[in-house]
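Enquirer: Before anything else, here's the structure in question.
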Amino acid sequence: MGLFKRINKGLKKTRDSMTGAINAALHGKNEIDDEFYEDLEEILVMADVGVTTAEEIVEKLRDAVFKKGLRKAKDVKEEIKSIVADLLSGGEELDMITVPSVILVIGVNGVGKTTSIGKMAAMFKAEGKKVILGAADTFRAAAIDQLEIWADRAGVDIVKHKEGADPAAVVFDTIAAGKARNADIIICDTAGRLHNKKNLMEELAKIYRVIDRQLPYADREILLVLDATTGQNAVNQAKEFKDVAEITGIILTKLDGTAKGGVVLAIKNDLKVPVKFIGVGEGIDDLRPFNPKAFAEGLFEEDQDEE
């Protein structure tokens, strides 16, 4: 299944909810009036786009309808799609040129952090890259065990210590192994606990210092994993993590299981943090690099026959 069809299928619940409501709001209208704009803003807020971003989309649409003289429902929907794609664009590409490059992954339990790391590893390996994983979320033995299972599934190496080990020591050993084995990408599962921000900040700062010493010129991505099904709670979680970590991007999981896919817009536009990957299914290849155009198409495109 191609990229556009996969994302289109993964966004079905959001599309059925949001596009259906937009179609109903446009039905029978001979002109785009204030009532429609009010309905559209409410529809967007219900899809967890966020109030600020919903207002911005509506204002941009008002301006476009006036300047372009849009009257047909089809043209209005195309304009909304274009506005959404434009708002989502920028920063979605991974900044990883150096060999090796480092990805640190953070996120609370249950959001799909370990699964996302495994799927990323499989994707990079399929691209011909050598990947090594570091099990630096040592707070839970289950996290280490789960990552080892995913390393086996993806066919990549893993470095692990015992539960309760120093996460920075795991990162140190992972980098050493990555350098020795000529890895292209080093991915480390790191802390995901927000109940004590001070401890989390100190832990991450220690990890950063290890990377600075061992790979001073390496490109580094710090990706936060969020569960799309939690809607605005995911946005609030991102705000919390942003206070303690230098987040460079978001991995948004479980988009196929929610009608709240509009939360992507809230994260990108309100928090100014780009979305790098989206999860649109359970399969090992269902974590996809984020494509703003494909996402906008998936949100507003009418249902197509799926392969």
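Naming works like this for the structure tokens: A, B, ... for the chains as they're shown, residue 1 at the start of each chain, ligands 1 onward in shown order.
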Where does segment 231-298 of chain A meet segment 57-77 of chain A within 12 Å, residue by residue, with the nearest atom pair and distance in Å to one decimal for each, counting only C-alpha atoms, listed by chain and rising number, as JSON lines?
Expert:
```
{"residue": "A:Leu265", "atom": "CA", "partner": "A:Ile57", "partner_atom": "CA", "distance": 10.2}
{"residue": "A:Ala266", "atom": "CA", "partner": "A:Ile57", "partner_atom": "CA", "distance": 11.4}
{"residue": "A:Asn269", "atom": "CA", "partner": "A:Ile57", "partner_atom": "CA", "distance": 10.6}
{"residue": "A:Ala296", "atom": "CA", "partner": "A:Lys77", "partner_atom": "CA", "distance": 10.8}
{"residue": "A:Glu297", "atom": "CA", "partner": "A:Lys77", "partner_atom": "CA", "distance": 10.6}
```
Enquirer: Just the selected residues (N, CA and C atoms), exported as an mmCIF file, in the first residue's frame, please.
Expert:
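Printed below is part02.cif as written:
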```
data_model
loop_
_atom_site.group_PDB
_atom_site.id
_atom_site.type_symbol
_atom_site.label_atom_id
_atom_site.label_comp_id
_atom_site.auth_asym_id
_atom_site.auth_seq_id
_atom_site.Cartn_x
_atom_site.Cartn_y
_atom_site.Cartn_z
ATOM 1 N N LEU A 265 -2.370 19.427 14.200
ATOM 2 C CA LEU A 265 -2.343 20.872 13.928
ATOM 3 C C LEU A 265 -2.071 21.670 15.192
ATOM 4 N N ALA A 266 -2.687 21.256 16.288
ATOM 5 C CA ALA A 266 -2.475 21.955 17.559
ATOM 6 C C ALA A 266 -1.016 21.868 17.985
ATOM 7 N N ASN A 269 1.158 23.953 15.245
ATOM 8 C CA ASN A 269 0.890 25.385 15.138
ATOM 9 C C ASN A 269 0.924 26.104 16.486
ATOM 10 N N ALA A 296 -2.860 16.193 4.928
ATOM 11 C CA ALA A 296 -4.009 17.036 4.577
ATOM 12 C C ALA A 296 -4.947 16.311 3.611
ATOM 13 N N GLU A 297 -4.367 15.588 2.643
ATOM 14 C CA GLU A 297 -5.185 14.796 1.724
ATOM 15 C C GLU A 297 -5.987 13.757 2.508
#
```
Enquirer: From the DSSP assignment of the backbone, select every residue of segment 92-240 of chain A that is helix (DSSP H, G or I), and format the answer as a VMD selection string.
Expert: chain A and resid 113 to 126 141 to 154 167 to 180 197 to 214 228 to 230 232 to 240
Enquirer: With only C-alpha atoms as the atoms that count, which of A:Trp150, A:Ile106, A:Thr229, A:Pro274 lies nearest to Met201 of chain A?
Expert: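 Smallest distance to Met201 of chain A is found for A:Ile106.
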Enquirer: Find the residues near segment 120-125 of chain A: any atom within 12 Å, counting only C-alpha atoms, skip ones fewer than 2 places away on the same chain, and give them as a PyMOL selection string.
Expert: chain A and resi 94+96+101+103-105+112-118+127-134+147-148+150-158+183-189+223+251+276-279+283-289
Enquirer: Please return as a ChimeraX atom specification: the residues of segment 111-307 of chain A that backbone DSSP assigns to strand (DSSP E or B).
Expert: /A:131-135,157-159,185-189,220-227,249-253,275-279,287-289
Enquirer: Here is a test: counting only C-alpha atoms, which residue of A:Ala205, A:Ala294, A:Val108, A:Ile211 is nearest to Ala238 of chain A?
Expert: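 Looking at the shortest contact to Ala238 of chain A, the residue is A:Val108.
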Enquirer: Mind pulling up the distance from atom CA of Gly178 of chain A to atom CA of Thr98 of chain A?
Expert: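 Atom CA of Gly178 of chain A lies 13.1 Å from atom CA of Thr98 of chain A.
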Enquirer: With distances taken over only C-alpha atoms, which residue among A:Gly110, A:Gly257, A:Gly164, A:Pro100 lies nearest Ala180 of chain A?
Expert: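 The closest residue to Ala180 of chain A is A:Pro100.
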